[in-house]
Every structure is written in C-alpha cells, then in structure tokens.
$ cat my_file-v9.cif   # mmCIF, C-alpha atoms
data_data
#
loop_
_atom_site.label_atom_id
_atom_site.label_comp_id
_atom_site.auth_asym_id
_atom_site.auth_seq_id
_atom_site.Cartn_x
_atom_site.Cartn_y
_atom_site.Cartn_z
CA MET A 1036 28.72 -1.71 1.74
CA SER A 1037 28.03 -4.77 -0.38
CA MET A 1038 27.33 -4.83 -4.09
CA ALA A 1039 25.46 -7.35 -6.20
CA SER A 1040 24.95 -7.48 -9.91
CA THR A 1041 23.87 -9.75 -12.69
CA SER A 1042 24.23 -9.72 -16.43
CA THR A 1043 21.89 -11.16 -19.00
CA PRO A 1044 23.49 -14.32 -20.45
CA GLY A 1045 23.88 -14.20 -24.20
CA SER A 1046 23.09 -10.52 -24.47
CA SER A 1047 25.43 -8.70 -26.81
CA SER A 1048 25.96 -5.77 -24.46
CA GLU A 1049 25.96 -7.69 -21.15
CA LEU A 1050 23.41 -5.45 -19.44
CA THR A 1051 24.10 -5.43 -15.70
CA ILE A 1052 21.90 -4.35 -12.79
CA THR A 1053 23.99 -2.99 -9.92
CA VAL A 1054 22.70 -3.00 -6.33
CA GLU A 1055 24.38 -0.99 -3.57
CA HIS A 1056 23.00 -2.20 -0.22
CA ASN A 1057 22.49 0.47 2.46
CA PRO A 1058 24.49 3.35 0.95
CA SER A 1059 25.66 6.02 3.42
CA LYS A 1060 23.60 9.15 4.09
CA SER A 1061 26.45 11.23 2.67
CA ARG A 1062 26.34 9.22 -0.60
CA LEU A 1063 22.55 9.72 -0.86
CA SER A 1064 22.93 13.42 -0.11
CA GLU A 1065 25.70 13.71 -2.73
CA LEU A 1066 23.36 12.19 -5.33
CA GLY A 1067 20.51 14.53 -4.34
CA ILE A 1068 18.08 11.61 -3.84
CA ASN A 1069 15.48 13.71 -2.00
CA TRP A 1070 15.11 15.96 -5.07
CA TRP A 1071 14.41 13.05 -7.43
CA PRO A 1072 10.80 12.24 -8.40
CA LYS A 1073 9.01 9.44 -6.57
CA TRP A 1074 7.25 6.41 -8.02
CA GLY A 1075 5.45 3.48 -6.48
CA CYS A 1076 3.63 0.31 -7.46
CA PRO A 1077 1.59 -2.41 -5.74
CA PRO A 1078 2.68 -6.05 -5.53
CA GLY A 1079 2.48 -7.85 -8.88
CA LYS A 1080 4.47 -8.65 -12.02
CA PHE A 1081 5.38 -5.89 -14.45
CA MET A 1082 7.18 -6.20 -17.79
CA LEU A 1083 9.41 -3.18 -18.36
CA LYS A 1084 11.90 -1.97 -20.95
CA PHE A 1085 14.38 0.69 -19.89
CA ASP A 1086 15.06 3.16 -22.71
CA ALA A 1087 17.48 5.07 -20.49
CA GLN A 1088 19.70 4.14 -17.55
CA GLU A 1089 17.79 4.49 -14.27
CA THR A 1090 19.23 4.97 -10.82
CA CYS A 1091 16.73 4.48 -8.01
CA TYR A 1092 16.68 4.37 -4.23
CA LEU A 1093 14.00 2.19 -2.63
CA LEU A 1094 12.29 3.73 0.40
CA ARG A 1095 10.21 0.57 0.81
CA GLY A 1096 9.39 -2.61 -1.04
CA LYS A 1097 10.96 -5.83 -2.25
CA VAL A 1098 11.58 -6.75 -5.89
CA LYS A 1099 13.03 -9.61 -7.91
CA VAL A 1100 14.03 -8.52 -11.42
CA TYR A 1101 14.24 -11.20 -14.11
CA PRO A 1102 16.05 -10.03 -17.27
CA LYS A 1103 14.14 -11.09 -20.39
CA GLY A 1104 15.07 -14.60 -21.49
CA SER A 1105 16.78 -15.47 -18.19
CA SER A 1106 15.75 -17.52 -15.16
CA GLU A 1107 18.34 -15.66 -13.07
CA PHE A 1108 17.16 -12.69 -11.02
CA VAL A 1109 18.48 -9.74 -9.03
CA GLN A 1110 16.73 -9.03 -5.74
CA PHE A 1111 16.66 -5.68 -3.98
CA GLY A 1112 14.51 -3.82 -1.49
CA ALA A 1113 14.14 -0.96 0.96
CA GLY A 1114 17.41 0.88 1.54
CA ASP A 1115 19.04 -0.25 -1.72
CA LEU A 1116 20.47 2.03 -4.40
CA VAL A 1117 19.98 0.35 -7.77
CA THR A 1118 21.31 1.13 -11.26
CA ILE A 1119 19.39 -0.40 -14.18
CA PRO A 1120 21.12 -0.20 -17.56
CA LYS A 1121 19.69 1.37 -20.70
CA GLY A 1122 18.22 -1.23 -23.03
CA LEU A 1123 17.27 -3.80 -20.38
CA SER A 1124 13.96 -5.62 -20.87
CA CYS A 1125 12.87 -7.37 -17.70
CA THR A 1126 10.04 -8.50 -15.45
CA TRP A 1127 9.69 -6.91 -12.02
CA ASP A 1128 8.20 -9.38 -9.54
CA VAL A 1129 7.14 -7.07 -6.69
CA SER A 1130 6.38 -8.95 -3.45
CA ILE A 1131 6.11 -5.87 -1.20
CA ALA A 1132 4.72 -2.59 -2.61
CA VAL A 1133 7.49 -0.31 -3.89
CA ASP A 1134 8.04 3.35 -3.08
CA LYS A 1135 11.21 4.79 -4.62
CA HIS A 1136 13.06 7.89 -5.73
CA TYR A 1137 14.37 7.60 -9.28
CA LYS A 1138 16.42 9.43 -11.91
CA PHE A 1139 16.91 8.69 -15.61
CA GLU A 1140 20.12 9.61 -17.39
CA SER A 1141 17.96 11.06 -20.16
CA SER A 1142 15.34 13.03 -18.25
CA SER A 1143 12.81 12.82 -21.09
CA THR A 1144 12.61 9.01 -21.08
CA THR A 1145 10.68 6.66 -18.78
CA PRO A 1146 10.29 2.86 -18.72
CA SER A 1147 7.78 1.69 -21.27
CA PRO A 1148 5.56 -1.41 -21.15
CA GLU A 1149 6.55 -4.03 -23.69
#
$ encode --input "my_file-v9.cif" --output "structure tokens"
Amino acid sequence: MSMASTSTPGSSSELTITVEHNPSKSRLSELGINWWPKWGCPPGKFMLKFDAQETCYLLRGKVKVYPKGSSEFVQFGAGDLVTIPKGLSCTWDVSIAVDKHYKFESSSTTPSPE
C-alpha cells in the first residue's frame, strides 16, 4: 500500500490531501464504503471548497487536484481511497469521468462551488 499527500504551501493550517492506493477489501469493508452515497462528474475543471473533511473511494476516473494558489497537484484515480481536509479550496481537473463513493465527517455538509 503506498500513500501520497501534498500540503498547500503557505497555508496556515497546512491542508493535506491523503491518497491510499489500492486499499485492501477488508479495509474498504471496515469503512462501509458500499453504504456511502455515490457521486459522479464528467471530464472538466471544477472549483470546489470543502466545508467538511471528505473521504472518498474512486470506482472509476482520474483526477488532478490543484490546491488554490498552488501549481502543485495531487493525482488519484480508480481504486484510490482519498481524504480531503476540511477548509481546502481547490480545482479538480478531471481527465476521465469520475464515479465515487464518498462520506463527509459532518453529514450535513457538501462541497460548495466558490
């Protein structure tokens, strides 16, 4: 299992996206992934602000996430378990349509367009 992460340079809270490549079936089962809601989007660029921490598991797709104000990006795709921190503003550059299961730490909050 390999992990990748990035933090936004100069941000006061050092918001970090964590990517767990190909987590085990037992880990996914433990998290209850199949009970989480699903969301998808077509290829394109989307500006998002996360008002709550999101954990998601990509069933398909390929994404590069650019934290606001940074030229650095985090890339993830099908089979990856990703944790996006609360408070992150970023651009999702989706090259292959995304289909994912997701869960917010605060169930009443969803990403909002900037």
$ closest_residue --input "my_file-v9.cif" --among "A:Gln1088, A:Ser1059, A:Ser1064, A:Thr1053" --to "Pro1120 in chain A" --atoms "all atoms listed in the file"
A:Gln1088
$ closest_residue --input "my_file-v9.cif" --among "A:Leu1063, A:Thr1126, A:Lys1084, A:Thr1090" --to "Gly1104 in chain A" --atoms "all atoms listed in the file"
A:Thr1126
$ resolve_selection --input "my_file-v9.cif" --expression "the PyMOL selection byres ((chain A and resi 1099-1103) around 10)" --output "JSON, numbers by chain"
{"A": [1041, 1042, 1043, 1044, 1046, 1050, 1051, 1052, 1080, 1081, 1082, 1083, 1084, 1097, 1098, 1104, 1105, 1106, 1107, 1108, 1109, 1110, 1111, 1112, 1123, 1124, 1125, 1126, 1127, 1128, 1129, 1130]}
$ resolve_selection --input "my_file-v9.cif" --expression "the PyMOL selection byres ((chain A and resi 1092) around 8)" --output "PyMOL selection string"
chain A and resi 1068+1090-1091+1093-1094+1113-1117+1135-1137
$ atom_distance --input "my_file-v9.cif" --atom1 "CA of Asp1086 in chain A" --atom2 "CA of Val1054 in chain A"
19.1 Å
$ atom_distance --input "my_file-v9.cif" --atom1 "CA of Leu1066 in chain A" --atom2 "CA of Ala1132 in chain A"
23.9 Å
$ atom_distance --input "my_file-v9.cif" --atom1 "CA of Arg1095 in chain A" --atom2 "CA of Asn1069 in chain A"
14.4 Å
$ closest_residue --input "my_file-v9.cif" --among "A:Ser1061, A:Glu1049, A:Glu1055, A:Gly1079" --to "Lys1121 in chain A" --atoms "only C-alpha atoms"
A:Glu1049
$ closest_residue --input "my_file-v9.cif" --among "A:Asp1134, A:Gly1096, A:Ile1119, A:Glu1089" --to "Lys1073 in chain A" --atoms "only C-alpha atoms"
A:Asp1134
$ axis_aligned_box --input "my_file-v9.cif" --around "range 1112-1130 of chain A" --padding-each-side "4 Å" --output "lines of an AutoDock Vina configuration file"
center_x = 13.8
center_y = -3.7
center_z = -10.7
size_x = 22.9
size_y = 19.4
size_z = 32.6
$ closest_residue --input "my_file-v9.cif" --among "A:Lys1138, A:Thr1118, A:Trp1070, A:Ala1087" --to "His1056 in chain A" --atoms "all atoms listed in the file"
A:Thr1118
$ build_atoms --input "my_file-v9.cif" --residues "range 1106-1117 of chain A" --atoms "all heavy atoms" --output "compact mmCIF listing (two decimals), in the coordinates of the input"
# COMPACT_ATOMS: atom_id res chain seq x y z
N SER A 1106 16.40 -17.05 -16.38
CA SER A 1106 15.75 -17.52 -15.16
C SER A 1106 16.47 -16.96 -13.94
O SER A 1106 16.02 -17.13 -12.81
CB SER A 1106 15.73 -19.05 -15.12
OG SER A 1106 17.06 -19.54 -15.16
N GLU A 1107 17.60 -16.31 -14.15
CA GLU A 1107 18.34 -15.66 -13.07
C GLU A 1107 17.60 -14.38 -12.68
O GLU A 1107 16.91 -13.78 -13.50
CB GLU A 1107 19.75 -15.30 -13.52
CG GLU A 1107 20.58 -16.49 -13.95
CD GLU A 1107 20.96 -17.39 -12.80
OE1 GLU A 1107 21.39 -16.88 -11.75
OE2 GLU A 1107 20.80 -18.62 -12.95
N PHE A 1108 17.78 -13.95 -11.43
CA PHE A 1108 17.16 -12.69 -11.02
C PHE A 1108 18.08 -11.91 -10.11
O PHE A 1108 19.03 -12.46 -9.54
CB PHE A 1108 15.80 -12.94 -10.32
CG PHE A 1108 15.91 -13.69 -9.03
CD1 PHE A 1108 16.15 -13.02 -7.83
CD2 PHE A 1108 15.76 -15.07 -9.00
CE1 PHE A 1108 16.24 -13.72 -6.63
CE2 PHE A 1108 15.85 -15.78 -7.80
CZ PHE A 1108 16.09 -15.09 -6.62
N VAL A 1109 17.80 -10.62 -9.99
CA VAL A 1109 18.48 -9.74 -9.03
C VAL A 1109 17.41 -9.31 -8.06
O VAL A 1109 16.33 -8.88 -8.46
CB VAL A 1109 19.08 -8.51 -9.74
CG1 VAL A 1109 19.72 -7.58 -8.72
CG2 VAL A 1109 20.09 -8.93 -10.78
N GLN A 1110 17.70 -9.42 -6.76
CA GLN A 1110 16.73 -9.03 -5.74
C GLN A 1110 17.23 -7.79 -5.01
O GLN A 1110 18.42 -7.68 -4.72
CB GLN A 1110 16.53 -10.17 -4.74
CG GLN A 1110 15.46 -9.86 -3.69
CD GLN A 1110 15.10 -11.10 -2.89
OE1 GLN A 1110 14.58 -12.06 -3.44
NE2 GLN A 1110 15.39 -11.09 -1.62
N PHE A 1111 16.31 -6.86 -4.76
CA PHE A 1111 16.66 -5.68 -3.98
C PHE A 1111 15.42 -5.19 -3.25
O PHE A 1111 14.30 -5.64 -3.52
CB PHE A 1111 17.29 -4.58 -4.83
CG PHE A 1111 16.55 -4.25 -6.10
CD1 PHE A 1111 15.53 -3.32 -6.10
CD2 PHE A 1111 16.90 -4.85 -7.30
CE1 PHE A 1111 14.85 -2.99 -7.28
CE2 PHE A 1111 16.24 -4.53 -8.48
CZ PHE A 1111 15.22 -3.59 -8.46
N GLY A 1112 15.63 -4.30 -2.29
CA GLY A 1112 14.51 -3.82 -1.49
C GLY A 1112 14.82 -2.51 -0.80
O GLY A 1112 15.75 -1.79 -1.18
N ALA A 1113 14.03 -2.21 0.23
CA ALA A 1113 14.14 -0.96 0.96
C ALA A 1113 15.59 -0.72 1.39
O ALA A 1113 16.25 -1.63 1.88
CB ALA A 1113 13.22 -0.99 2.17
N GLY A 1114 16.06 0.51 1.15
CA GLY A 1114 17.41 0.88 1.54
C GLY A 1114 18.47 0.62 0.48
O GLY A 1114 19.64 0.93 0.69
N ASP A 1115 18.07 0.05 -0.66
CA ASP A 1115 19.04 -0.25 -1.72
C ASP A 1115 19.06 0.83 -2.79
O ASP A 1115 18.02 1.38 -3.16
CB ASP A 1115 18.73 -1.59 -2.39
CG ASP A 1115 19.00 -2.78 -1.48
OD1 ASP A 1115 19.77 -2.63 -0.50
OD2 ASP A 1115 18.45 -3.86 -1.74
N LEU A 1116 20.27 1.12 -3.29
CA LEU A 1116 20.47 2.03 -4.40
C LEU A 1116 20.76 1.15 -5.61
O LEU A 1116 21.70 0.36 -5.59
CB LEU A 1116 21.65 2.96 -4.12
CG LEU A 1116 21.97 4.02 -5.16
CD1 LEU A 1116 20.83 5.04 -5.27
CD2 LEU A 1116 23.27 4.73 -4.80
N VAL A 1117 19.94 1.27 -6.64
CA VAL A 1117 19.98 0.35 -7.77
C VAL A 1117 20.21 1.11 -9.08
O VAL A 1117 19.60 2.15 -9.30
CB VAL A 1117 18.64 -0.43 -7.87
CG1 VAL A 1117 18.68 -1.45 -9.00
CG2 VAL A 1117 18.31 -1.11 -6.54
